[in-house]
$ cat final20.tsv   # TSV, C-alpha atoms
chain	number	residue	atom	x	y	z
A	167	MET	CA	81.18	-29.67	3.66
A	168	THR	CA	81.90	-32.69	1.49
A	169	GLY	CA	79.44	-33.93	-1.12
A	170	ALA	CA	78.92	-37.20	0.74
A	171	ALA	CA	77.98	-35.47	3.99
A	172	ALA	CA	75.57	-33.16	2.16
A	173	SER	CA	73.82	-36.04	0.43
A	174	TRP	CA	73.60	-37.92	3.77
A	175	LEU	CA	71.99	-34.89	5.37
A	176	LEU	CA	69.60	-34.60	2.44
A	177	ARG	CA	68.61	-38.26	2.74
A	178	LYS	CA	68.07	-37.87	6.49
A	179	MET	CA	65.79	-34.92	5.82
A	180	TRP	CA	63.82	-36.95	3.29
A	181	ILE	CA	63.41	-39.83	5.75
A	182	LEU	CA	62.30	-37.40	8.47
A	183	ALA	CA	59.79	-35.83	6.12
A	184	ALA	CA	58.44	-39.24	5.11
A	185	VAL	CA	58.09	-40.31	8.74
A	186	GLY	CA	56.41	-36.98	9.55
A	187	VAL	CA	53.87	-37.46	6.78
A	188	LEU	CA	53.16	-41.01	7.98
A	189	VAL	CA	52.62	-39.79	11.54
A	190	LEU	CA	50.29	-37.08	10.29
A	191	ILE	CA	48.25	-39.59	8.27
A	192	LEU	CA	48.04	-41.92	11.26
A	193	ALA	CA	46.97	-39.08	13.55
A	194	TRP	CA	44.34	-38.02	11.03
A	195	TRP	CA	43.01	-41.58	10.77
A	196	VAL	CA	42.80	-41.92	14.54
A	197	PHE	CA	41.21	-38.58	15.34
A	198	ARG	CA	39.41	-37.71	12.09
A	199	PRO	CA	39.38	-34.03	13.11
A	200	GLU	CA	37.42	-32.96	10.01
A	201	LYS	CA	34.43	-34.78	11.50
A	202	LEU	CA	34.12	-31.92	13.96
A	203	TRP	CA	32.82	-29.83	11.08
A	204	VAL	CA	31.43	-32.40	8.68
A	205	ASN	CA	27.97	-33.64	9.55
A	206	GLN	CA	26.48	-36.85	8.30
A	207	LYS	CA	22.72	-36.59	7.98
A	208	VAL	CA	20.29	-39.46	7.55
A	209	ASP	CA	16.53	-39.54	7.21
A	210	GLU	CA	15.24	-43.10	7.39
A	211	PRO	CA	11.49	-43.69	7.38
A	212	ALA	CA	9.79	-45.21	10.41
A	213	PRO	CA	9.96	-49.01	10.54
A	214	PHE	CA	6.23	-49.23	9.90
A	215	ALA	CA	4.01	-48.14	7.05
A	216	SER	CA	2.34	-44.77	7.49
A	217	SER	CA	-0.70	-45.50	9.53
A	218	SER	CA	-4.17	-44.05	9.78
A	219	ASP	CA	-3.98	-44.44	13.55
A	220	PRO	CA	-3.26	-41.45	15.78
A	221	GLN	CA	0.48	-40.84	16.06
A	222	PRO	CA	2.27	-39.77	19.25
A	223	LEU	CA	3.50	-36.16	19.22
A	224	TYR	CA	4.75	-35.74	22.78
A	225	THR	CA	5.31	-37.97	25.76
A	226	GLY	CA	6.56	-37.76	29.32
A	227	LEU	CA	6.60	-39.58	32.64
A	228	LEU	CA	4.49	-38.48	35.58
A	229	THR	CA	6.18	-37.73	38.88
A	230	GLY	CA	4.33	-37.35	42.12
A	231	LYS	CA	4.17	-34.10	44.13
A	232	ALA	CA	1.54	-33.90	46.86
A	233	HIS	CA	0.63	-37.57	46.28
A	234	PRO	CA	2.54	-40.44	44.69
A	235	THR	CA	1.66	-40.37	40.99
A	236	SER	CA	3.14	-42.48	38.22
A	237	GLY	CA	2.60	-43.46	34.60
A	238	ARG	CA	3.04	-41.98	31.18
A	239	ALA	CA	1.26	-39.03	29.56
A	240	SER	CA	1.29	-38.88	25.76
A	241	ILE	CA	-0.27	-36.52	23.25
A	242	TYR	CA	-1.59	-38.22	20.11
A	243	GLN	CA	-2.75	-36.61	16.88
A	244	ALA	CA	-5.33	-38.26	14.63
A	245	PRO	CA	-5.04	-37.86	10.82
A	246	ASP	CA	-7.87	-35.28	10.96
A	247	GLY	CA	-5.74	-33.10	13.26
A	248	LYS	CA	-7.66	-33.82	16.44
A	249	ARG	CA	-5.34	-34.21	19.42
A	250	ASN	CA	-5.84	-36.01	22.67
A	251	LEU	CA	-3.99	-36.79	25.85
A	252	ARG	CA	-3.62	-40.42	26.83
A	253	LEU	CA	-2.53	-41.61	30.27
A	254	THR	CA	-1.06	-45.13	30.44
A	255	ASP	CA	0.13	-47.27	33.36
A	256	PHE	CA	-1.42	-44.48	35.35
A	257	ALA	CA	-1.86	-44.44	39.11
A	258	THR	CA	-2.43	-41.62	41.56
A	259	SER	CA	-4.31	-41.35	44.83
A	260	ASN	CA	-8.03	-40.77	44.76
A	261	GLY	CA	-9.25	-37.38	45.86
A	262	PRO	CA	-12.03	-34.84	45.65
A	263	ASP	CA	-12.45	-32.67	42.55
A	264	VAL	CA	-9.31	-33.88	40.77
A	265	HIS	CA	-8.72	-32.49	37.27
A	266	VAL	CA	-6.37	-33.00	34.36
A	267	LEU	CA	-4.75	-29.77	33.22
A	268	LEU	CA	-2.09	-28.52	30.87
A	269	ALA	CA	0.19	-25.90	32.39
A	270	GLN	CA	3.53	-24.26	31.64
A	271	SER	CA	6.61	-26.11	32.84
A	272	THR	CA	8.20	-22.73	33.61
A	273	ASP	CA	5.43	-21.95	36.12
A	274	GLN	CA	6.97	-21.69	39.59
A	275	ASN	CA	3.67	-22.91	41.11
A	276	LEU	CA	4.40	-26.38	39.81
A	277	THR	CA	7.59	-26.73	41.82
A	278	LYS	CA	5.52	-26.78	44.99
A	279	GLU	CA	2.95	-29.25	46.25
A	280	PHE	CA	0.27	-26.59	46.70
A	281	VAL	CA	-0.54	-23.68	44.42
A	282	LYS	CA	-1.16	-20.24	45.88
A	283	GLY	CA	-3.75	-18.37	43.85
A	284	GLU	CA	-4.61	-19.36	40.31
A	285	LEU	CA	-2.67	-21.69	38.07
A	286	ASP	CA	-2.36	-20.56	34.44
A	287	SER	CA	-3.68	-23.71	32.80
A	288	VAL	CA	-5.89	-25.35	30.18
A	289	GLU	CA	-8.62	-27.57	31.61
A	290	LEU	CA	-8.97	-31.03	30.02
A	291	GLY	CA	-11.66	-32.34	32.35
A	292	SER	CA	-12.23	-34.15	35.61
A	293	LEU	CA	-9.94	-37.10	36.23
A	294	LYS	CA	-11.92	-40.12	35.06
A	295	ALA	CA	-10.28	-42.57	37.44
A	296	ASN	CA	-7.25	-42.64	39.69
A	297	GLN	CA	-5.93	-45.78	38.00
A	298	GLY	CA	-5.79	-47.10	34.46
A	299	ASP	CA	-5.45	-45.98	30.86
A	300	GLN	CA	-7.58	-43.01	29.89
A	301	ASN	CA	-8.01	-40.37	27.16
A	302	TYR	CA	-8.81	-36.65	27.24
A	303	ASP	CA	-9.64	-34.46	24.25
A	304	LEU	CA	-7.48	-31.39	23.71
A	305	PRO	CA	-9.04	-28.07	22.70
A	306	ASP	CA	-8.04	-27.31	19.09
A	307	SER	CA	-6.48	-23.99	20.05
A	308	VAL	CA	-4.10	-25.14	22.78
A	309	ASP	CA	-0.43	-24.37	22.11
A	310	LEU	CA	1.63	-27.34	23.29
A	311	GLY	CA	4.81	-25.33	22.86
A	312	LYS	CA	3.54	-23.14	25.70
A	313	TYR	CA	1.51	-25.56	27.81
A	314	ASP	CA	4.04	-28.36	28.00
A	315	ASP	CA	3.22	-29.90	31.38
A	316	VAL	CA	0.40	-32.32	32.18
A	317	VAL	CA	-0.81	-31.70	35.72
A	318	ILE	CA	-3.05	-33.89	37.89
A	319	TYR	CA	-4.56	-31.20	40.08
A	320	CYS	CA	-6.99	-31.15	42.98
A	321	GLU	CA	-9.01	-27.94	42.51
A	322	ARG	CA	-10.49	-28.02	45.99
A	323	PHE	CA	-7.18	-27.94	47.84
A	324	HIS	CA	-5.03	-26.49	45.03
A	325	ALA	CA	-2.84	-29.56	45.39
A	326	VAL	CA	-0.53	-30.68	42.60
A	327	PHE	CA	-0.86	-34.49	42.70
A	328	GLY	CA	1.59	-35.10	39.87
A	329	VAL	CA	3.29	-33.50	36.86
A	330	ALA	CA	4.59	-34.82	33.54
A	331	LYS	CA	6.86	-32.73	31.32
A	332	LEU	CA	5.97	-33.36	27.68
A	333	GLU	CA	8.85	-33.92	25.30
A	334	ARG	CA	8.71	-34.35	21.54
A	335	PHE	CA	8.18	-37.95	20.53
B	292	MET	CA	-34.53	-78.19	-5.05
B	293	VAL	CA	-33.17	-75.45	-7.33
B	294	ARG	CA	-34.60	-72.89	-4.96
B	295	GLU	CA	-32.80	-74.50	-2.04
B	296	ILE	CA	-29.51	-74.51	-3.91
B	297	LYS	CA	-29.99	-70.83	-4.78
B	298	LEU	CA	-30.70	-70.05	-1.15
B	299	ALA	CA	-27.67	-72.01	-0.04
B	300	LEU	CA	-25.48	-70.18	-2.57
B	301	ALA	CA	-26.79	-66.81	-1.41
B	302	PHE	CA	-26.13	-67.78	2.18
B	303	ALA	CA	-22.62	-68.97	1.30
B	304	ALA	CA	-21.95	-65.68	-0.51
B	305	ILE	CA	-23.01	-63.66	2.54
B	306	VAL	CA	-20.84	-65.78	4.85
B	307	ALA	CA	-17.89	-65.39	2.47
B	308	VAL	CA	-18.26	-61.60	2.36
B	309	ILE	CA	-18.46	-61.37	6.15
B	310	GLY	CA	-15.53	-63.76	6.47
B	311	LEU	CA	-13.41	-61.73	4.05
B	312	GLN	CA	-14.21	-58.50	5.81
B	313	SER	CA	-13.27	-59.82	9.22
B	314	SER	CA	-10.07	-61.41	7.94
B	315	SER	CA	-8.94	-58.23	6.16
B	316	TYR	CA	-9.69	-56.29	9.32
B	317	ALA	CA	-7.64	-58.73	11.38
B	318	GLN	CA	-4.76	-58.41	8.94
B	319	GLU	CA	-4.80	-54.63	9.23
B	320	GLY	CA	-4.70	-54.93	13.01
B	321	GLY	CA	-1.80	-57.34	12.77
B	322	LYS	CA	0.25	-55.00	10.57
B	323	GLN	CA	0.65	-52.48	13.36
B	324	SER	CA	4.02	-52.33	15.00
B	325	LYS	CA	3.95	-51.80	18.73
B	326	THR	CA	5.84	-49.12	20.62
B	327	LEU	CA	7.52	-50.86	23.54
B	328	GLU	CA	9.90	-48.37	25.14
B	329	THR	CA	11.11	-44.83	24.73
B	330	GLY	CA	13.53	-42.35	26.28
B	331	THR	CA	15.48	-39.18	25.56
B	332	PHE	CA	19.22	-38.76	25.13
B	333	HIS	CA	21.43	-36.80	27.43
B	334	GLY	CA	24.94	-35.91	26.31
B	335	LYS	CA	28.00	-37.14	28.10
B	336	VAL	CA	31.38	-36.64	26.39
B	337	HIS	CA	29.69	-34.85	23.47
B	338	GLN	CA	26.37	-33.04	23.21
B	339	THR	CA	23.75	-35.60	22.25
B	340	SER	CA	20.00	-35.11	22.02
B	341	GLY	CA	16.89	-36.71	20.61
B	342	ARG	CA	14.71	-39.69	21.29
B	343	ALA	CA	15.29	-43.43	21.21
B	344	THR	CA	12.27	-45.70	20.79
B	345	ILE	CA	12.00	-49.47	20.52
B	346	TYR	CA	9.30	-50.83	18.22
B	347	GLN	CA	8.18	-54.39	17.79
B	348	GLU	CA	7.11	-55.32	14.29
B	349	PRO	CA	4.20	-57.72	13.75
B	350	ASP	CA	6.67	-60.57	13.08
B	351	GLY	CA	8.29	-59.97	16.48
B	352	LYS	CA	11.40	-58.19	15.16
B	353	LEU	CA	12.69	-55.43	17.44
B	354	ILE	CA	13.76	-52.10	15.95
B	355	LEU	CA	15.52	-49.22	17.67
B	356	ARG	CA	14.61	-45.90	16.07
B	357	LEU	CA	16.36	-42.60	16.78
B	358	THR	CA	14.35	-39.44	16.09
B	359	ASN	CA	15.21	-35.72	16.31
B	360	PHE	CA	18.65	-37.15	16.84
B	361	LYS	CA	21.85	-35.12	16.99
B	362	THR	CA	25.32	-35.85	18.26
B	363	SER	CA	28.80	-34.85	17.19
B	364	ASN	CA	30.47	-36.71	14.39
B	365	GLY	CA	33.41	-38.89	15.30
B	366	PRO	CA	35.48	-41.89	14.31
B	367	ASP	CA	34.17	-45.44	14.76
B	368	VAL	CA	30.96	-44.48	16.55
B	369	HIS	CA	28.53	-47.30	17.36
B	370	VAL	CA	25.04	-47.71	18.74
B	371	ILE	CA	24.85	-50.17	21.63
B	372	LEU	CA	22.43	-51.35	24.27
B	373	VAL	CA	23.94	-51.61	27.74
B	374	ALA	CA	22.84	-53.70	30.72
B	375	LEU	CA	22.25	-50.64	32.91
B	376	LYS	CA	19.28	-48.48	33.84
B	377	ASP	CA	21.16	-45.52	32.39
B	378	ALA	CA	24.69	-44.98	31.17
B	379	ASP	CA	25.09	-42.18	33.62
B	380	ASP	CA	28.67	-42.86	34.62
B	381	ASP	CA	31.58	-41.08	33.03
B	382	ALA	CA	33.05	-41.80	29.64
B	383	ASN	CA	34.65	-45.03	30.78
B	384	PHE	CA	31.59	-46.80	32.11
B	385	LEU	CA	32.28	-49.54	29.61
B	386	LYS	CA	35.63	-50.40	31.12
B	387	THR	CA	33.78	-52.05	33.98
B	388	ASN	CA	32.80	-54.89	31.61
B	389	THR	CA	29.17	-53.86	31.52
B	390	GLU	CA	27.35	-56.22	29.17
B	391	ARG	CA	26.40	-54.71	25.84
B	392	VAL	CA	24.61	-55.53	22.62
B	393	GLU	CA	26.08	-54.10	19.42
B	394	LEU	CA	23.50	-52.64	17.04
B	395	GLY	CA	25.88	-51.37	14.38
B	396	LYS	CA	27.81	-48.32	13.30
B	397	LEU	CA	26.08	-44.99	13.77
B	398	LYS	CA	24.56	-44.27	10.34
B	399	GLY	CA	24.62	-40.50	10.74
B	400	ASN	CA	25.27	-37.99	13.48
B	401	GLU	CA	22.01	-36.22	12.62
B	402	GLY	CA	18.56	-37.40	11.67
B	403	ASP	CA	16.09	-40.24	12.01
B	404	GLN	CA	17.53	-43.74	11.78
B	405	ASN	CA	16.68	-47.37	12.51
B	406	TYR	CA	18.70	-50.25	13.90
B	407	THR	CA	17.74	-53.89	14.15
B	408	ILE	CA	18.01	-55.40	17.62
B	409	PRO	CA	19.25	-59.03	17.55
B	410	SER	CA	16.45	-61.46	18.31
B	411	GLY	CA	16.61	-62.85	21.81
B	412	THR	CA	17.82	-59.57	23.33
B	413	ASP	CA	16.37	-59.24	26.82
B	414	LEU	CA	15.02	-55.70	27.00
B	415	SER	CA	14.35	-56.00	30.72
B	416	LYS	CA	18.12	-56.33	31.15
B	417	PHE	CA	19.43	-53.90	28.51
B	418	GLN	CA	17.63	-50.74	29.54
B	419	ALA	CA	19.77	-47.98	28.05
B	420	VAL	CA	21.01	-46.96	24.61
B	421	SER	CA	24.51	-45.54	24.31
B	422	ILE	CA	26.21	-43.76	21.45
B	423	TYR	CA	29.65	-45.16	21.88
B	424	CYS	CA	32.98	-44.27	20.30
B	425	GLU	CA	34.78	-47.57	20.21
B	426	ARG	CA	38.17	-46.12	19.37
B	427	PHE	CA	38.36	-43.94	22.45
B	428	ASP	CA	36.01	-45.97	24.66
B	429	ALA	CA	33.87	-42.88	25.07
B	430	ASN	CA	30.17	-42.60	25.81
B	431	PHE	CA	28.96	-39.73	23.57
B	432	GLY	CA	25.49	-39.84	25.07
B	433	ALA	CA	22.91	-42.22	26.47
B	434	ALA	CA	19.15	-42.66	26.65
B	435	PRO	CA	17.49	-44.59	29.47
B	436	LEU	CA	14.44	-46.45	28.14
B	437	GLN	CA	11.10	-46.62	29.88
B	438	LYS	CA	7.91	-48.45	29.02
B	439	PHE	CA	5.76	-46.53	26.56

$ encode --input "final20.tsv" --output "structure tokens"
Amino acid sequence: MTGAAASWLLRKMWILAAVGVLVLILAWWVFRPEKLWVNQKVDEPAPFASSSDPQPLYTGLLTGKAHPTSGRASIYQAPDGKRNLRLTDFATSNGPDVHVLLAQSTDQNLTKEFVKGELDSVELGSLKANQGDQNYDLPDSVDLGKYDDVVIYCERFHAVFGVAKLERF
Amino acid sequence: MVREIKLALAFAAIVAVIGLQSSSYAQEGGKQSKTLETGTFHGKVHQTSGRATIYQEPDGKLILRLTNFKTSNGPDVHVILVALKDADDDANFLKTNTERVELGKLKGNEGDQNYTIPSGTDLSKFQAVSIYCERFDANFGAAPLQKF
């Protein structure tokens, strides 16, 4: 092999290597694969000053079962730790002996319109009205990690009027 | 005469105190920001979870706040509002020229964060939040918003 040919080959290799590096840089810039492992965490404060008003902990939308039921169910916590359930934009059908309960979303009873036997639940009181915004106190001991469904329930006929799954606010 | 002036002064003082109290109370009420809408994220191209909530500040400014938020990191990821009930279509829902409002680059792929919504944005039209990778036209995840 002559010297000229060898140096030409060497130069070609250098050009190839340079192009390869450029392609790699471009591919990195486009895909940024390291971002699959690198997390970017932020923790901005809420856009309002900390308030002495009750803050929402959980919320969910009501869906009708045995009767059309709609609105939002939210759990609020006051600064003193007291929690309550608030129903807003609420509407269901009127009925006899209708109660507001907390139950477990995993309970198979709640997939049906009527419950056979007893529903494992926490009683919050008789439904105050079948329409409108309303509040119910929560017992201090109730575990919302376990009882994560709000149920509008007719005790007399064991009918599930509506259910709302509570999700963290 | 002096007695009348004293009485008038006392009366004025009482009115002033009551007036001050009511005005400071009103101010406190006015400082509250209102929660307008909320919804939870569902992942599309990438796992995405958390909550999106729109607040209205006392001066009328709209803020989108993400809480308990988590998605995967990626290049050129943005937060947008889309003129849909939910961005439930596949990754390329944006190729259909769906109207959108840009809220800015995603500040972090984890954690609580706020974005200012341009004034004049019609929330009855833009009903879903999307975490959107502009480079690949991919919908990482979306949250349909409902009235709070």

$ interface_residues --input "final20.tsv" --of "chain B" --to "chain A" --cutoff "8 Å" --atoms "all atoms listed in the file" --output "list in words"
Gln323, Ser324, Arg342, Tyr346, Glu348, Ile354, Arg356, Thr358, Ser363, Asn364, Gly365, Pro366, Lys398, Gly399, Asn400, Glu401, Gly402, Asp403, Gln404, Asn405, Arg426 and Phe439 of chain B

$ atom_distance --input "final20.tsv" --atom1 "atom CA of Ile408 of chain B" --atom2 "atom CA of Glu393 of chain B"
8.4 Å

$ residues_around --input "final20.tsv" --residues "segment 311-323 of chain A" --least-positions-apart "3" --cutoff "8 Å" --atoms "all atoms listed in the file" --output "number ranges by chain"
A: 239, 261-271, 280, 287-288, 293, 308, 326-333

$ closest_residue --input "final20.tsv" --among "B:Leu327, B:Glu390, B:Ser410, B:Pro349" --to "Ala378 of chain B" --atoms "all atoms listed in the file"
B:Glu390

$ atom_distance --input "final20.tsv" --atom1 "atom CA of Thr272 of chain A" --atom2 "atom CA of Leu310 of chain A"
13.1 Å

$ residues_around --input "final20.tsv" --residues "Ser340 of chain B" --least-positions-apart "5" --cutoff "6 Å" --atoms "all atoms listed in the file" --output "ChimeraX atom specification"
/B:332-333,360-361

$ atom_distance --input "final20.tsv" --atom1 "atom CA of Glu425 of chain B" --atom2 "atom CA of His369 of chain B"
6.9 Å

$ decode --input "final20.tsv" --residues "segment 248-309 of chain A" --atoms "C-alpha atoms" --output "PDB file, in the first residue's frame"
ATOM      1  CA  LYS A 248     -62.524  18.027  61.964  1.00  0.00           C
ATOM      2  CA  ARG A 249     -63.584  16.512  58.649  1.00  0.00           C
ATOM      3  CA  ASN A 250     -66.846  16.738  56.801  1.00  0.00           C
ATOM      4  CA  LEU A 251     -68.432  15.578  53.597  1.00  0.00           C
ATOM      5  CA  ARG A 252     -69.875  18.209  51.290  1.00  0.00           C
ATOM      6  CA  LEU A 253     -72.198  17.459  48.379  1.00  0.00           C
ATOM      7  CA  THR A 254     -72.342  20.106  45.634  1.00  0.00           C
ATOM      8  CA  ASP A 255     -74.451  20.389  42.467  1.00  0.00           C
ATOM      9  CA  PHE A 256     -76.202  17.442  44.002  1.00  0.00           C
ATOM     10  CA  ALA A 257     -79.364  15.837  42.678  1.00  0.00           C
ATOM     11  CA  THR A 258     -80.902  12.434  43.246  1.00  0.00           C
ATOM     12  CA  SER A 259     -84.463  11.167  43.375  1.00  0.00           C
ATOM     13  CA  ASN A 260     -86.429  11.538  46.563  1.00  0.00           C
ATOM     14  CA  GLY A 261     -87.158   8.386  48.493  1.00  0.00           C
ATOM     15  CA  PRO A 262     -87.981   6.909  51.872  1.00  0.00           C
ATOM     16  CA  ASP A 263     -85.281   6.499  54.528  1.00  0.00           C
ATOM     17  CA  VAL A 264     -82.377   7.627  52.340  1.00  0.00           C
ATOM     18  CA  HIS A 265     -78.980   7.847  54.051  1.00  0.00           C
ATOM     19  CA  VAL A 266     -75.480   9.054  53.292  1.00  0.00           C
ATOM     20  CA  LEU A 267     -72.859   6.387  53.931  1.00  0.00           C
ATOM     21  CA  LEU A 268     -69.184   5.755  53.449  1.00  0.00           C
ATOM     22  CA  ALA A 269     -68.388   2.289  52.125  1.00  0.00           C
ATOM     23  CA  GLN A 270     -65.472   0.447  50.556  1.00  0.00           C
ATOM     24  CA  SER A 271     -65.067   0.820  46.812  1.00  0.00           C
ATOM     25  CA  THR A 272     -63.906  -2.809  46.691  1.00  0.00           C
ATOM     26  CA  ASP A 273     -67.269  -3.973  48.067  1.00  0.00           C
ATOM     27  CA  GLN A 274     -69.004  -6.092  45.423  1.00  0.00           C
ATOM     28  CA  ASN A 275     -72.397  -4.965  46.792  1.00  0.00           C
ATOM     29  CA  LEU A 276     -71.831  -1.543  45.300  1.00  0.00           C
ATOM     30  CA  THR A 277     -71.613  -2.854  41.754  1.00  0.00           C
ATOM     31  CA  LYS A 278     -75.291  -3.757  41.938  1.00  0.00           C
ATOM     32  CA  GLU A 279     -78.370  -1.595  42.313  1.00  0.00           C
ATOM     33  CA  PHE A 280     -79.621  -3.496  45.358  1.00  0.00           C
ATOM     34  CA  VAL A 281     -77.603  -4.821  48.274  1.00  0.00           C
ATOM     35  CA  LYS A 282     -78.249  -8.308  49.597  1.00  0.00           C
ATOM     36  CA  GLY A 283     -77.722  -8.440  53.342  1.00  0.00           C
ATOM     37  CA  GLU A 284     -75.709  -5.815  55.172  1.00  0.00           C
ATOM     38  CA  LEU A 285     -73.418  -3.238  53.640  1.00  0.00           C
ATOM     39  CA  ASP A 286     -70.148  -2.670  55.513  1.00  0.00           C
ATOM     40  CA  SER A 287     -70.419   1.082  55.921  1.00  0.00           C
ATOM     41  CA  VAL A 288     -70.073   4.173  58.106  1.00  0.00           C
ATOM     42  CA  GLU A 289     -73.317   6.077  58.636  1.00  0.00           C
ATOM     43  CA  LEU A 290     -73.137   9.857  58.118  1.00  0.00           C
ATOM     44  CA  GLY A 291     -76.826  10.573  58.611  1.00  0.00           C
ATOM     45  CA  SER A 292     -80.138  10.817  56.813  1.00  0.00           C
ATOM     46  CA  LEU A 293     -80.012  12.579  53.466  1.00  0.00           C
ATOM     47  CA  LYS A 294     -80.998  16.171  54.230  1.00  0.00           C
ATOM     48  CA  ALA A 295     -82.496  16.867  50.818  1.00  0.00           C
ATOM     49  CA  ASN A 296     -82.505  15.232  47.414  1.00  0.00           C
ATOM     50  CA  GLN A 297     -81.202  18.405  45.775  1.00  0.00           C
ATOM     51  CA  GLY A 298     -78.699  21.094  46.680  1.00  0.00           C
ATOM     52  CA  ASP A 299     -75.426  21.646  48.506  1.00  0.00           C
ATOM     53  CA  GLN A 300     -75.180  19.985  51.897  1.00  0.00           C
ATOM     54  CA  ASN A 301     -72.660  19.014  54.593  1.00  0.00           C
ATOM     55  CA  TYR A 302     -72.273  15.938  56.804  1.00  0.00           C
ATOM     56  CA  ASP A 303     -69.896  15.554  59.740  1.00  0.00           C
ATOM     57  CA  LEU A 304     -67.463  12.643  59.625  1.00  0.00           C
ATOM     58  CA  PRO A 305     -66.768  10.570  62.737  1.00  0.00           C
ATOM     59  CA  ASP A 306     -63.197  11.284  63.894  1.00  0.00           C
ATOM     60  CA  SER A 307     -62.216   7.636  63.687  1.00  0.00           C
ATOM     61  CA  VAL A 308     -63.241   6.879  60.106  1.00  0.00           C
ATOM     62  CA  ASP A 309     -60.394   5.678  57.869  1.00  0.00           C
TER      63      ASP A 309
END
